[in-house]
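Visitor: You'll find data.pdb just under this line, and it carries PDB, C-alpha atoms.
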```pdb
ATOM      1  CA  MET A 312     376.184  45.607 -38.317
ATOM      2  CA  ALA A 313     372.733  44.145 -38.342
ATOM      3  CA  THR A 314     371.995  40.537 -37.516
ATOM      4  CA  THR A 315     369.223  38.619 -39.239
ATOM      5  CA  THR A 316     368.470  35.000 -38.460
ATOM      6  CA  ALA A 317     365.979  32.629 -40.056
ATOM      7  CA  THR A 318     364.849  29.471 -38.292
ATOM      8  CA  VAL A 319     362.779  26.657 -39.757
ATOM      9  CA  GLY A 320     361.035  23.797 -38.041
ATOM     10  CA  ILE A 321     359.343  20.942 -39.879
ATOM     11  CA  THR A 322     357.557  18.266 -37.892
ATOM     12  CA  SER A 323     355.243  15.376 -38.571
ATOM     13  CA  ALA A 324     354.274  12.464 -36.402
ATOM     14  CA  ASP A 325     352.583  10.493 -39.151
ATOM     15  CA  LEU A 326     354.007  11.402 -42.578
ATOM     16  CA  THR A 327     356.470   8.545 -42.289
ATOM     17  CA  PRO A 328     354.771   6.031 -39.958
ATOM     18  CA  GLY A 329     356.966   4.824 -37.140
ATOM     19  CA  MET A 330     359.585   7.488 -37.816
ATOM     20  CA  ALA A 331     358.555  10.916 -36.575
ATOM     21  CA  LEU A 332     359.956  13.793 -38.572
ATOM     22  CA  GLY A 333     361.727  16.656 -36.862
ATOM     23  CA  ILE A 334     363.812  19.161 -38.788
ATOM     24  CA  SER A 335     365.193  22.288 -37.185
ATOM     25  CA  ALA A 336     367.722  24.668 -38.682
ATOM     26  CA  THR A 337     368.833  28.239 -38.180
ATOM     27  CA  THR A 338     370.901  30.398 -40.460
ATOM     28  CA  THR A 339     372.304  33.883 -40.166
ATOM     29  CA  LEU A 340     371.878  35.913 -43.318
ATOM     30  CA  TYR A 341     375.070  37.528 -44.567
ATOM     31  CA  GLN A 342     376.034  39.786 -47.428
ATOM     32  CA  THR A 343     377.438  37.933 -50.413
ATOM     33  CA  GLY A 344     380.384  35.768 -49.457
ATOM     34  CA  THR A 345     381.111  37.591 -46.191
ATOM     35  CA  THR A 346     380.344  37.487 -42.487
ATOM     36  CA  THR A 347     378.784  40.921 -42.620
ATOM     37  CA  GLY A 348     375.088  40.928 -41.901
ATOM     38  CA  LEU A 349     372.556  42.124 -44.422
ATOM     39  CA  GLU A 350     371.560  45.741 -43.995
ATOM     40  CA  LEU A 351     368.858  46.263 -46.622
ATOM     41  CA  LEU A 352     365.253  45.267 -46.095
ATOM     42  CA  ASP A 353     362.103  45.635 -48.144
ATOM     43  CA  MET A 354     358.949  44.441 -46.441
ATOM     44  CA  GLY A 355     355.269  45.028 -46.720
ATOM     45  CA  ALA A 356     351.824  43.635 -47.316
ATOM     46  CA  GLY A 357     349.307  43.884 -50.083
ATOM     47  CA  LYS A 358     346.316  42.339 -51.806
ATOM     48  CA  LEU A 359     346.163  40.545 -55.127
ATOM     49  CA  THR A 360     343.280  39.883 -57.436
ATOM     50  CA  GLN A 361     343.144  37.499 -60.356
ATOM     51  CA  ALA A 362     342.277  40.387 -62.653
ATOM     52  CA  SER A 363     345.569  42.120 -61.954
ATOM     53  CA  GLY A 364     347.521  39.323 -63.621
ATOM     54  CA  ALA A 365     351.180  38.774 -62.776
ATOM     55  CA  ASP A 366     352.877  41.579 -60.881
ATOM     56  CA  ALA A 367     356.501  42.101 -59.953
ATOM     57  CA  LEU A 368     356.881  41.821 -56.188
ATOM     58  CA  ALA A 369     360.512  42.872 -56.552
ATOM     59  CA  GLU A 370     362.619  43.874 -59.518
ATOM     60  CA  ALA A 371     366.214  42.650 -59.749
ATOM     61  CA  LEU A 372     367.614  46.103 -59.112
ATOM     62  CA  GLY A 373     370.629  45.047 -57.093
ATOM     63  CA  THR A 374     373.974  43.642 -58.135
ATOM     64  CA  VAL A 375     373.724  40.488 -60.208
ATOM     65  CA  ASP A 376     374.492  37.160 -58.524
ATOM     66  CA  THR A 377     374.389  38.267 -54.895
ATOM     67  CA  SER A 378     372.882  37.015 -51.632
ATOM     68  CA  ASN A 379     369.284  38.005 -51.092
ATOM     69  CA  TYR A 380     366.474  36.171 -49.330
ATOM     70  CA  VAL A 381     362.735  36.217 -49.887
ATOM     71  CA  TYR A 382     359.955  35.499 -47.400
ATOM     72  CA  LEU A 383     356.404  35.487 -48.730
ATOM     73  CA  CYS A 384     353.159  34.375 -47.121
ATOM     74  CA  ASN A 385     349.714  33.864 -48.616
ATOM     75  CA  ASN A 386     347.428  35.074 -45.846
ATOM     76  CA  SER A 387     344.203  33.913 -47.471
ATOM     77  CA  THR A 388     342.040  31.443 -45.558
ATOM     78  CA  ASP A 389     340.201  30.272 -48.684
ATOM     79  CA  VAL A 390     341.721  26.962 -49.826
ATOM     80  CA  GLU A 391     340.760  27.727 -53.425
ATOM     81  CA  GLN A 392     343.048  30.748 -53.495
ATOM     82  CA  TYR A 393     346.731  30.417 -54.252
ATOM     83  CA  ILE A 394     349.559  32.622 -55.458
ATOM     84  CA  LYS A 395     351.717  31.650 -58.417
ATOM     85  CA  ILE A 396     355.334  32.521 -57.631
ATOM     86  CA  GLY A 397     357.758  33.064 -60.476
ATOM     87  CA  ILE A 398     361.183  34.360 -61.333
ATOM     88  CA  HIS A 399     360.834  36.154 -64.642
ATOM     89  CA  ASP A 400     359.263  33.628 -67.060
ATOM     90  CA  THR A 401     359.726  30.581 -64.831
ATOM     91  CA  LEU A 402     356.982  29.391 -62.518
ATOM     92  CA  ILE A 403     358.595  28.335 -59.246
ATOM     93  CA  GLY A 404     355.477  27.047 -57.503
ATOM     94  CA  ASN A 405     352.012  27.675 -56.130
ATOM     95  CA  LEU A 406     351.671  29.071 -52.630
ATOM     96  CA  GLY A 407     348.421  27.873 -51.103
ATOM     97  CA  SER A 408     346.286  29.645 -48.531
ATOM     98  CA  GLY A 409     348.083  30.047 -45.237
ATOM     99  CA  GLU A 410     351.376  28.902 -46.723
ATOM    100  CA  TRP A 411     354.749  30.669 -46.700
ATOM    101  CA  LEU A 412     358.046  30.300 -48.515
ATOM    102  CA  PHE A 413     361.608  31.269 -47.758
ATOM    103  CA  MET A 414     364.269  31.079 -50.423
ATOM    104  CA  PRO A 415     367.486  32.679 -51.589
ATOM    105  CA  TRP A 416     367.332  34.963 -54.596
ATOM    106  CA  ASN A 417     370.579  35.778 -56.385
ATOM    107  CA  MET A 418     369.187  38.215 -58.971
ATOM    108  CA  GLY A 419     370.876  36.069 -61.602
ATOM    109  CA  ASP A 420     370.454  38.727 -64.252
ATOM    110  CA  ALA A 421     368.465  41.898 -64.871
ATOM    111  CA  ASP A 422     365.468  39.783 -65.890
ATOM    112  CA  ALA A 423     365.157  37.918 -62.623
ATOM    113  CA  GLU A 424     362.268  39.727 -60.979
ATOM    114  CA  ILE A 425     360.148  37.948 -58.401
ATOM    115  CA  ASN A 426     356.598  37.919 -59.666
ATOM    116  CA  ILE A 427     353.323  36.909 -58.082
ATOM    117  CA  GLU A 428     349.894  36.207 -59.504
ATOM    118  CA  ALA A 429     346.608  35.450 -57.775
ATOM    119  CA  GLU A 430     344.524  32.495 -58.856
ATOM    120  CA  ALA A 431     340.876  31.834 -58.246
ATOM    121  CA  SER A 432     338.435  34.595 -57.588
ATOM    122  CA  GLY A 433     338.447  37.078 -54.746
ATOM    123  CA  THR A 434     341.207  39.031 -53.076
ATOM    124  CA  ILE A 435     344.321  37.409 -51.669
ATOM    125  CA  PRO A 436     346.162  39.212 -48.861
ATOM    126  CA  TYR A 437     349.890  38.589 -48.697
ATOM    127  CA  GLU A 438     352.921  39.755 -46.782
ATOM    128  CA  TYR A 439     356.574  39.677 -47.699
ATOM    129  CA  ALA A 440     360.072  40.572 -46.608
ATOM    130  CA  ILE A 441     363.134  40.662 -48.826
ATOM    131  CA  PHE A 442     366.556  40.864 -47.218
ATOM    132  CA  LYS A 443     369.151  42.175 -49.661
ATOM    133  CA  SER A 444     372.880  42.527 -50.123
ATOM    134  CA  THR A 445     372.568  45.343 -52.622
ATOM    135  CA  PHE A 446     369.866  47.512 -54.063
ATOM    136  CA  THR A 447     369.815  50.274 -56.642
ATOM    137  CA  LEU A 448     366.966  52.730 -56.642
ATOM    138  CA  PRO A 449     365.037  52.850 -59.909
ATOM    139  CA  ALA A 450     365.942  55.699 -62.199
ATOM    140  CA  LYS A 451     363.803  58.815 -62.049
ATOM    141  CA  THR A 452     361.280  59.047 -64.885
TER     142      THR A 452
ATOM    143  CA  MET B1054     345.858  11.855 -43.842
ATOM    144  CA  ALA B1055     349.214  12.977 -42.543
ATOM    145  CA  THR B1056     349.857  16.273 -40.797
ATOM    146  CA  THR B1057     353.095  18.070 -41.542
ATOM    147  CA  ASN B1058     353.755  21.395 -39.886
ATOM    148  CA  ALA B1059     356.359  23.937 -40.912
ATOM    149  CA  SER B1060     357.262  27.046 -38.961
ATOM    150  CA  ILE B1061     359.514  29.974 -39.674
ATOM    151  CA  THR B1062     360.919  32.641 -37.393
ATOM    152  CA  ILE B1063     362.908  35.535 -38.785
ATOM    153  CA  SER B1064     364.490  38.023 -36.409
ATOM    154  CA  SER B1065     366.295  41.103 -37.592
ATOM    155  CA  ASP B1066     367.624  44.396 -36.294
ATOM    156  CA  ILE B1067     368.168  45.887 -39.730
ATOM    157  CA  THR B1068     365.581  48.495 -38.899
ATOM    158  CA  THR B1069     365.736  50.755 -35.853
ATOM    159  CA  ASN B1070     362.850  48.846 -34.376
ATOM    160  CA  PRO B1071     363.793  45.159 -34.551
ATOM    161  CA  ILE B1072     361.356  42.915 -36.372
ATOM    162  CA  THR B1073     360.254  39.342 -35.816
ATOM    163  CA  ILE B1074     358.313  37.331 -38.356
ATOM    164  CA  SER B1075     356.760  34.159 -37.063
ATOM    165  CA  LYS B1076     354.500  31.918 -39.126
ATOM    166  CA  SER B1077     353.371  28.317 -39.136
ATOM    167  CA  MET B1078     351.683  26.331 -41.846
ATOM    168  CA  VAL B1079     350.297  22.889 -42.446
ATOM    169  CA  MET B1080     351.351  21.399 -45.762
ATOM    170  CA  HIS B1081     348.172  20.721 -47.698
ATOM    171  CA  LYS B1082     347.223  19.165 -51.003
ATOM    172  CA  PHE B1083     346.450  21.603 -53.798
ATOM    173  CA  GLN B1084     343.331  23.668 -53.050
ATOM    174  CA  SER B1085     342.492  21.392 -50.158
ATOM    175  CA  ASN B1086     342.633  21.083 -46.382
ATOM    176  CA  VAL B1087     343.919  17.529 -46.674
ATOM    177  CA  GLY B1088     347.527  17.073 -45.634
ATOM    178  CA  LEU B1089     350.297  15.931 -47.938
ATOM    179  CA  GLU B1090     350.834  12.203 -47.737
ATOM    180  CA  GLU B1091     354.038  11.430 -49.612
ATOM    181  CA  THR B1092     357.689  12.291 -49.181
ATOM    182  CA  THR B1093     361.067  11.341 -50.550
ATOM    183  CA  GLY B1094     362.359  11.268 -47.006
ATOM    184  CA  LEU B1095     365.263  13.389 -45.855
ATOM    185  CA  GLN B1096     368.253  12.833 -48.102
ATOM    186  CA  ALA B1097     371.870  13.905 -47.735
ATOM    187  CA  LYS B1098     374.401  14.062 -50.535
ATOM    188  CA  LYS B1099     378.061  15.047 -50.488
ATOM    189  CA  PHE B1100     379.497  16.968 -53.449
ATOM    190  CA  ALA B1101     383.149  17.444 -54.405
ATOM    191  CA  ALA B1102     382.898  18.875 -57.919
ATOM    192  CA  THR B1103     381.357  21.976 -59.424
ATOM    193  CA  THR B1104     379.322  20.017 -61.937
ATOM    194  CA  ALA B1105     375.599  20.762 -61.905
ATOM    195  CA  VAL B1106     373.526  17.838 -60.620
ATOM    196  CA  VAL B1107     369.787  17.230 -60.675
ATOM    197  CA  ILE B1108     368.657  16.430 -57.137
ATOM    198  CA  VAL B1109     364.916  16.256 -57.845
ATOM    199  CA  GLU B1110     363.604  15.251 -61.250
ATOM    200  CA  ASN B1111     360.313  16.675 -62.467
ATOM    201  CA  THR B1112     359.005  13.117 -62.777
ATOM    202  CA  GLU B1113     359.133  12.811 -58.988
ATOM    203  CA  GLY B1114     356.281  15.285 -58.745
ATOM    204  CA  THR B1115     352.914  15.555 -60.432
ATOM    205  CA  ALA B1116     351.841  18.547 -62.462
ATOM    206  CA  GLY B1117     348.947  20.398 -60.886
ATOM    207  CA  LYS B1118     349.563  18.903 -57.463
ATOM    208  CA  SER B1119     351.108  20.423 -54.353
ATOM    209  CA  SER B1120     354.792  19.885 -53.683
ATOM    210  CA  LYS B1121     357.157  21.530 -51.206
ATOM    211  CA  VAL B1122     360.916  21.262 -51.236
ATOM    212  CA  TYR B1123     363.294  21.772 -48.312
ATOM    213  CA  ILE B1124     367.003  22.186 -49.075
ATOM    214  CA  ARG B1125     369.851  23.029 -46.700
ATOM    215  CA  ASN B1126     373.579  23.482 -47.109
ATOM    216  CA  THR B1127     374.894  21.732 -43.999
ATOM    217  CA  GLY B1128     378.284  23.432 -44.212
ATOM    218  CA  THR B1129     379.595  26.434 -42.332
ATOM    219  CA  SER B1130     381.432  28.316 -45.071
ATOM    220  CA  ASN B1131     380.493  31.917 -45.764
ATOM    221  CA  GLU B1132     382.384  31.787 -49.063
ATOM    222  CA  ASP B1133     381.359  28.473 -50.623
ATOM    223  CA  PHE B1134     377.801  27.844 -51.730
ATOM    224  CA  PHE B1135     375.415  25.837 -53.860
ATOM    225  CA  TYR B1136     373.557  27.394 -56.737
ATOM    226  CA  VAL B1137     369.975  26.155 -56.775
ATOM    227  CA  ALA B1138     368.187  26.327 -60.105
ATOM    228  CA  PHE B1139     365.602  24.837 -62.377
ATOM    229  CA  ASN B1140     366.839  22.955 -65.438
ATOM    230  CA  ALA B1141     370.045  21.157 -66.314
ATOM    231  CA  SER B1142     372.551  23.788 -65.347
ATOM    232  CA  ALA B1143     372.753  25.818 -62.190
ATOM    233  CA  ALA B1144     375.116  28.546 -63.245
ATOM    234  CA  ALA B1145     373.934  32.130 -63.042
ATOM    235  CA  ALA B1146     373.307  32.063 -66.771
ATOM    236  CA  ALA B1147     372.418  29.390 -69.335
ATOM    237  CA  THR B1148     369.721  27.780 -67.274
ATOM    238  CA  THR B1149     365.954  27.994 -67.199
ATOM    239  CA  GLU B1150     366.189  30.000 -64.016
ATOM    240  CA  THR B1151     368.668  30.230 -61.208
ATOM    241  CA  ILE B1152     366.825  30.742 -57.948
ATOM    242  CA  GLY B1153     369.648  31.620 -55.615
ATOM    243  CA  LYS B1154     372.704  30.637 -53.641
ATOM    244  CA  LEU B1155     372.778  28.617 -50.427
ATOM    245  CA  TYR B1156     375.841  29.375 -48.313
ATOM    246  CA  GLY B1157     376.855  27.286 -45.318
ATOM    247  CA  GLY B1158     373.904  26.853 -42.998
ATOM    248  CA  ASP B1159     371.419  28.416 -45.397
ATOM    249  CA  TRP B1160     368.110  26.662 -45.978
ATOM    250  CA  MET B1161     365.083  27.135 -48.192
ATOM    251  CA  LEU B1162     361.520  25.845 -48.187
ATOM    252  CA  PHE B1163     359.450  26.597 -51.251
ATOM    253  CA  PRO B1164     356.511  25.336 -53.277
ATOM    254  CA  TRP B1165     357.615  23.442 -56.363
ATOM    255  CA  ALA B1166     355.649  23.379 -59.596
ATOM    256  CA  ALA B1167     356.387  19.951 -60.977
ATOM    257  CA  THR B1168     355.363  20.759 -64.526
ATOM    258  CA  ALA B1169     356.315  17.390 -66.032
ATOM    259  CA  ALA B1170     359.157  18.939 -67.984
ATOM    260  CA  THR B1171     362.903  18.990 -67.528
ATOM    261  CA  SER B1172     362.655  22.757 -67.228
ATOM    262  CA  HIS B1173     361.512  22.072 -63.689
ATOM    263  CA  ASP B1174     364.139  19.605 -62.601
ATOM    264  CA  ILE B1175     365.715  20.996 -59.425
ATOM    265  CA  THR B1176     369.429  21.339 -59.983
ATOM    266  CA  VAL B1177     372.319  22.329 -57.757
ATOM    267  CA  ALA B1178     375.909  23.246 -58.514
ATOM    268  CA  PRO B1179     378.605  23.661 -55.856
ATOM    269  CA  SER B1180     380.872  26.682 -56.127
ATOM    270  CA  THR B1181     383.926  24.696 -55.065
ATOM    271  CA  THR B1182     385.538  21.295 -55.364
ATOM    272  CA  ASP B1183     385.898  21.235 -51.588
ATOM    273  CA  ALA B1184     383.486  18.747 -50.102
ATOM    274  CA  MET B1185     380.080  20.175 -49.235
ATOM    275  CA  THR B1186     376.911  18.397 -48.182
ATOM    276  CA  LEU B1187     373.358  19.200 -49.065
ATOM    277  CA  GLU B1188     370.292  17.791 -47.357
ATOM    278  CA  PHE B1189     366.932  17.919 -49.032
ATOM    279  CA  MET B1190     363.419  16.566 -48.792
ATOM    280  CA  VAL B1191     360.345  16.719 -51.006
ATOM    281  CA  PHE B1192     356.817  16.721 -49.600
ATOM    282  CA  GLN B1193     354.013  16.015 -52.049
ATOM    283  CA  GLU B1194     350.497  14.772 -52.670
TER     284      GLU B1194
END
```
Can the structure in the file be given as structure tokens, please?
Guide:
Amino acid sequence: MATTTATVGITSADLTPGMALGISATTTLYQTGTTTGLELLDMGAGKLTQASGADALAEALGTVDTSNYVYLCNNSTDVEQYIKIGIHDTLIGNLGSGEWLFMPWNMGDADAEINIEAEASGTIPYEYAIFKSTFTLPAKT
Amino acid sequence: MATTNASITISSDITTNPITISKSMVMHKFQSNVGLEETTGLQAKKFAATTAVVIVENTEGTAGKSSKVYIRNTGTSNEDFFYVAFNASAAAAATTETIGKLYGGDWMLFPWAATAATSHDITVAPSTTDAMTLEFMVFQE
């Protein structure tokens, strides 16, 4: 059984004056509702351009309503460039240059793909990793 | 200007050659190098019903500005979880979009598009009537 852990640290000495912020948390990623570690991984890197419009980073090809986790980082250094992150037709948020996200993804239904779209001109490099409970290969065409 | 740092470390032996992802970011205003300056502060809320509850209303953010949201299930259960979604309901269906499920110990940090509409209220729904606690914090311009 594989073991995958994700640790976050959030710190700020001056966001709340007189009360330094320090958050630290670690979780082990398990298959849906179990203590069995995830065993499926999809990771990679790519480049986005504004002209390409919205693209599916990952289709919801696994079992509906399961435990999956998404890491995505915008590796651009240009502050004008950001990546719009969505699940199907819903905009989740804008990932600025140098920023990352980590979130669960339950593949709530077949139309729950993770999509990404570059904004502002130029090319945006990104990297991602998706840890999955289940995955079904796309049908042969 | 405040400086808020967030780091992530993911370690996994899913693949034959173990992987480690390590990234840090500074939370900036939208298309800017200026740090975020506002926060809700770290909040904790105990739940003991499966009713969906809005934990962050869209009116707490500003459309077109940068917002980040940190949420963590402080429990230890591998069976009980919180759905996290946009809109008034957090079930797998009948909501604007369900993002995913946070089991005990799971956390998420993601950019939030506060689009000034209830479609982007952040909603959670526990899977059980057993007491579970969620902690969350919003960082914004």
Visitor: Do you have the atom CA of Ala1184 of chain B-atom CA of Ser1130 of chain B distance handy?
Guide: 11.0 Å
Visitor: Which chain A residues have any atom within 6 Å of an atom of chain B, and for each, what is the nearest pair of atoms with distance in Å to one decimal, counting only C-alpha atoms, rows sorted by chain and number, as a Markdown table?
Guide:
```
| residue | atom | partner | partner_atom | distance |
| --- | --- | --- | --- | --- |
| A:Ala313 | CA | B:Ile1067 | CA | 5.1 |
| A:Thr314 | CA | B:Ser1065 | CA | 5.7 |
| A:Thr315 | CA | B:Ser1065 | CA | 4.2 |
| A:Thr316 | CA | B:Ser1064 | CA | 5.4 |
| A:Ala317 | CA | B:Ile1063 | CA | 4.4 |
| A:Thr318 | CA | B:Thr1062 | CA | 5.1 |
| A:Val319 | CA | B:Ile1061 | CA | 4.7 |
| A:Gly320 | CA | B:Ser1060 | CA | 5.1 |
| A:Ile321 | CA | B:Ala1059 | CA | 4.4 |
| A:Thr322 | CA | B:Asn1058 | CA | 5.3 |
| A:Ser323 | CA | B:Thr1057 | CA | 4.5 |
| A:Asp325 | CA | B:Ala1055 | CA | 5.4 |
| A:Leu326 | CA | B:Ala1055 | CA | 5.0 |
| A:Thr338 | CA | B:Gly1158 | CA | 5.3 |
| A:Gly344 | CA | B:Glu1132 | CA | 4.5 |
| A:Thr345 | CA | B:Asn1131 | CA | 5.7 |
| A:Glu350 | CA | B:Ile1067 | CA | 5.5 |
| A:Val390 | CA | B:Gln1084 | CA | 4.9 |
| A:Glu391 | CA | B:Gln1084 | CA | 4.8 |
| A:Ile403 | CA | B:Trp1165 | CA | 5.8 |
| A:Gly404 | CA | B:Ala1166 | CA | 4.2 |
| A:Asn405 | CA | B:Pro1164 | CA | 5.8 |
| A:Glu410 | CA | B:Met1078 | CA | 5.5 |
| A:Leu412 | CA | B:Phe1163 | CA | 4.8 |
| A:Phe413 | CA | B:Met1161 | CA | 5.4 |
| A:Met414 | CA | B:Met1161 | CA | 4.6 |
| A:Pro415 | CA | B:Gly1153 | CA | 4.7 |
| A:Trp416 | CA | B:Gly1153 | CA | 4.2 |
| A:Asn417 | CA | B:Gly1153 | CA | 4.3 |
| A:Gly419 | CA | B:Ala1145 | CA | 5.2 |
```
Visitor: Let me know the residues the PyMOL selection byres ((chain A and resi 384) around 6) catches in the file above, as an NGL selection string.
Guide: :A and (383 or 385-386 or 410-411 or 437-438)
Visitor: Quick check, in Å to one decimal: how far apart do atom CA of Phe1189 of chain B and atom CA of Ala1097 of chain B lie?
Guide: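 Taking atom CA of Phe1189 of chain B and atom CA of Ala1097 of chain B, their separation equals 6.5 Å.
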Visitor: Using all atoms listed in the file, what residues lie at most 6 Å away from (365.8, 44.4, -49.2) (file coordinates), given as an NGL selection string?
Guide: :A and (351-353 or 441-443)
Visitor: So how far away is atom CA of Tyr393 of chain A from atom CA of Ala356 of chain A, in Å?
Guide: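 One can read the atom CA of Ala356 of chain A to atom CA of Tyr393 of chain A distance as 15.8 Å.
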Visitor: List the residues matched by the PyMOL selection byres ((chain A and resi 399) around 9) in the displayed structure as a list in words, ordered by chain and then by residue number.
Guide: Ala367, Gly397, Ile398, Asp400, Thr401, Leu402, Asp422, Ala423, Glu424, Ile425 and Asn426 of chain A; Glu1150 of chain B
Visitor: How big is the axis-aligned box around the listed atoms of segment 1080-1095 of chain B once 8 Å is added on each side, and where is its centre? Give both in Å to one decimal, as JSON.
Guide:
```
{"center_x": 353.9, "center_y": 17.5, "center_z": -49.7, "size_x": 38.8, "size_y": 28.4, "size_z": 24.2}
```
Visitor: Which residues, named as in the file, does the PyMOL selection byres ((chain A and resi 447) around 7) pick out? Answer as a list of chain:residue names.
Guide: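 For this structure, the PyMOL selection byres ((chain A and resi 447) around 7) captures A:Leu372, A:Gly373, A:Thr445, A:Phe446, A:Leu448, A:Pro449.
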Visitor: List as a PDB file with C-alpha atoms, in the coordinates of the input the protein and nucleic acid residues near Thr1171 of chain B, meaning an atom at most 7 Å away when only C-alpha atoms are counted, but skip any in the same chain fewer than 2 places from it.
Guide:
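This went into result12.pdb:
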```
ATOM      1  CA  ASN B1111     360.313  16.675 -62.467  1.00  0.00           C
ATOM      2  CA  ASN B1140     366.839  22.955 -65.438  1.00  0.00           C
ATOM      3  CA  ALA B1169     356.315  17.390 -66.032  1.00  0.00           C
ATOM      4  CA  HIS B1173     361.512  22.072 -63.689  1.00  0.00           C
ATOM      5  CA  ASP B1174     364.139  19.605 -62.601  1.00  0.00           C
TER       6      ASP B1174
END
```
Visitor: Here's a test: counting only C-alpha atoms, identify every protein, DNA and RNA residue with an atom at most 8 Å from (344.4, 41.5, -56.2) in the file's coordinate frame, and state them as a ChimeraX atom specification.
Guide: /A:358-363,429,433-436
Visitor: N, CA and C atoms for segment 1082-1098 of chain B, written as an mmCIF file, in the coordinates of the input, could you do that?
Guide:
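Okay, this is what ended up in part-v6.cif:
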```cif
data_model
loop_
_atom_site.group_PDB
_atom_site.id
_atom_site.type_symbol
_atom_site.label_atom_id
_atom_site.label_comp_id
_atom_site.auth_asym_id
_atom_site.auth_seq_id
_atom_site.Cartn_x
_atom_site.Cartn_y
_atom_site.Cartn_z
ATOM 1 N N LYS B 1082 347.378 19.454 -49.584
ATOM 2 C CA LYS B 1082 347.223 19.165 -51.003
ATOM 3 C C LYS B 1082 346.684 20.410 -51.707
ATOM 4 N N PHE B 1083 346.834 20.437 -53.007
ATOM 5 C CA PHE B 1083 346.450 21.603 -53.798
ATOM 6 C C PHE B 1083 344.968 21.933 -53.635
ATOM 7 N N GLN B 1084 344.692 23.167 -53.253
ATOM 8 C CA GLN B 1084 343.331 23.668 -53.050
ATOM 9 C C GLN B 1084 342.515 22.734 -52.153
ATOM 10 N N SER B 1085 343.121 22.363 -51.045
ATOM 11 C CA SER B 1085 342.492 21.392 -50.158
ATOM 12 C C SER B 1085 342.953 21.624 -48.722
ATOM 13 N N ASN B 1086 342.211 21.082 -47.782
ATOM 14 C CA ASN B 1086 342.633 21.083 -46.382
ATOM 15 C C ASN B 1086 343.185 19.726 -45.969
ATOM 16 N N VAL B 1087 343.387 18.865 -46.953
ATOM 17 C CA VAL B 1087 343.919 17.529 -46.674
ATOM 18 C C VAL B 1087 345.445 17.589 -46.722
ATOM 19 N N GLY B 1088 346.073 17.006 -45.727
ATOM 20 C CA GLY B 1088 347.527 17.073 -45.634
ATOM 21 C C GLY B 1088 348.245 16.261 -46.689
ATOM 22 N N LEU B 1089 349.465 16.691 -47.002
ATOM 23 C CA LEU B 1089 350.297 15.931 -47.938
ATOM 24 C C LEU B 1089 350.596 14.549 -47.348
ATOM 25 N N GLU B 1090 350.709 13.572 -48.227
ATOM 26 C CA GLU B 1090 350.834 12.203 -47.737
ATOM 27 C C GLU B 1090 352.077 11.471 -48.222
ATOM 28 N N GLU B 1091 352.860 12.127 -49.084
ATOM 29 C CA GLU B 1091 354.038 11.430 -49.612
ATOM 30 C C GLU B 1091 355.295 12.266 -49.401
ATOM 31 N N THR B 1092 356.410 11.597 -49.316
ATOM 32 C CA THR B 1092 357.689 12.291 -49.181
ATOM 33 C C THR B 1092 358.818 11.421 -49.721
ATOM 34 N N THR B 1093 359.869 12.077 -50.135
ATOM 35 C CA THR B 1093 361.067 11.341 -50.550
ATOM 36 C C THR B 1093 361.856 10.881 -49.340
ATOM 37 N N GLY B 1094 361.518 11.455 -48.174
ATOM 38 C CA GLY B 1094 362.359 11.268 -47.006
ATOM 39 C C GLY B 1094 363.517 12.261 -47.059
ATOM 40 N N LEU B 1095 364.145 12.447 -45.926
ATOM 41 C CA LEU B 1095 365.263 13.389 -45.855
ATOM 42 C C LEU B 1095 366.504 12.720 -46.447
ATOM 43 N N GLN B 1096 367.080 13.380 -47.424
ATOM 44 C CA GLN B 1096 368.253 12.833 -48.102
ATOM 45 C C GLN B 1096 369.462 13.730 -47.864
ATOM 46 N N ALA B 1097 370.624 13.144 -47.860
ATOM 47 C CA ALA B 1097 371.870 13.905 -47.735
ATOM 48 C C ALA B 1097 372.819 13.449 -48.831
ATOM 49 N N LYS B 1098 373.468 14.402 -49.470
ATOM 50 C CA LYS B 1098 374.401 14.062 -50.535
ATOM 51 C C LYS B 1098 375.633 14.952 -50.436
#
```
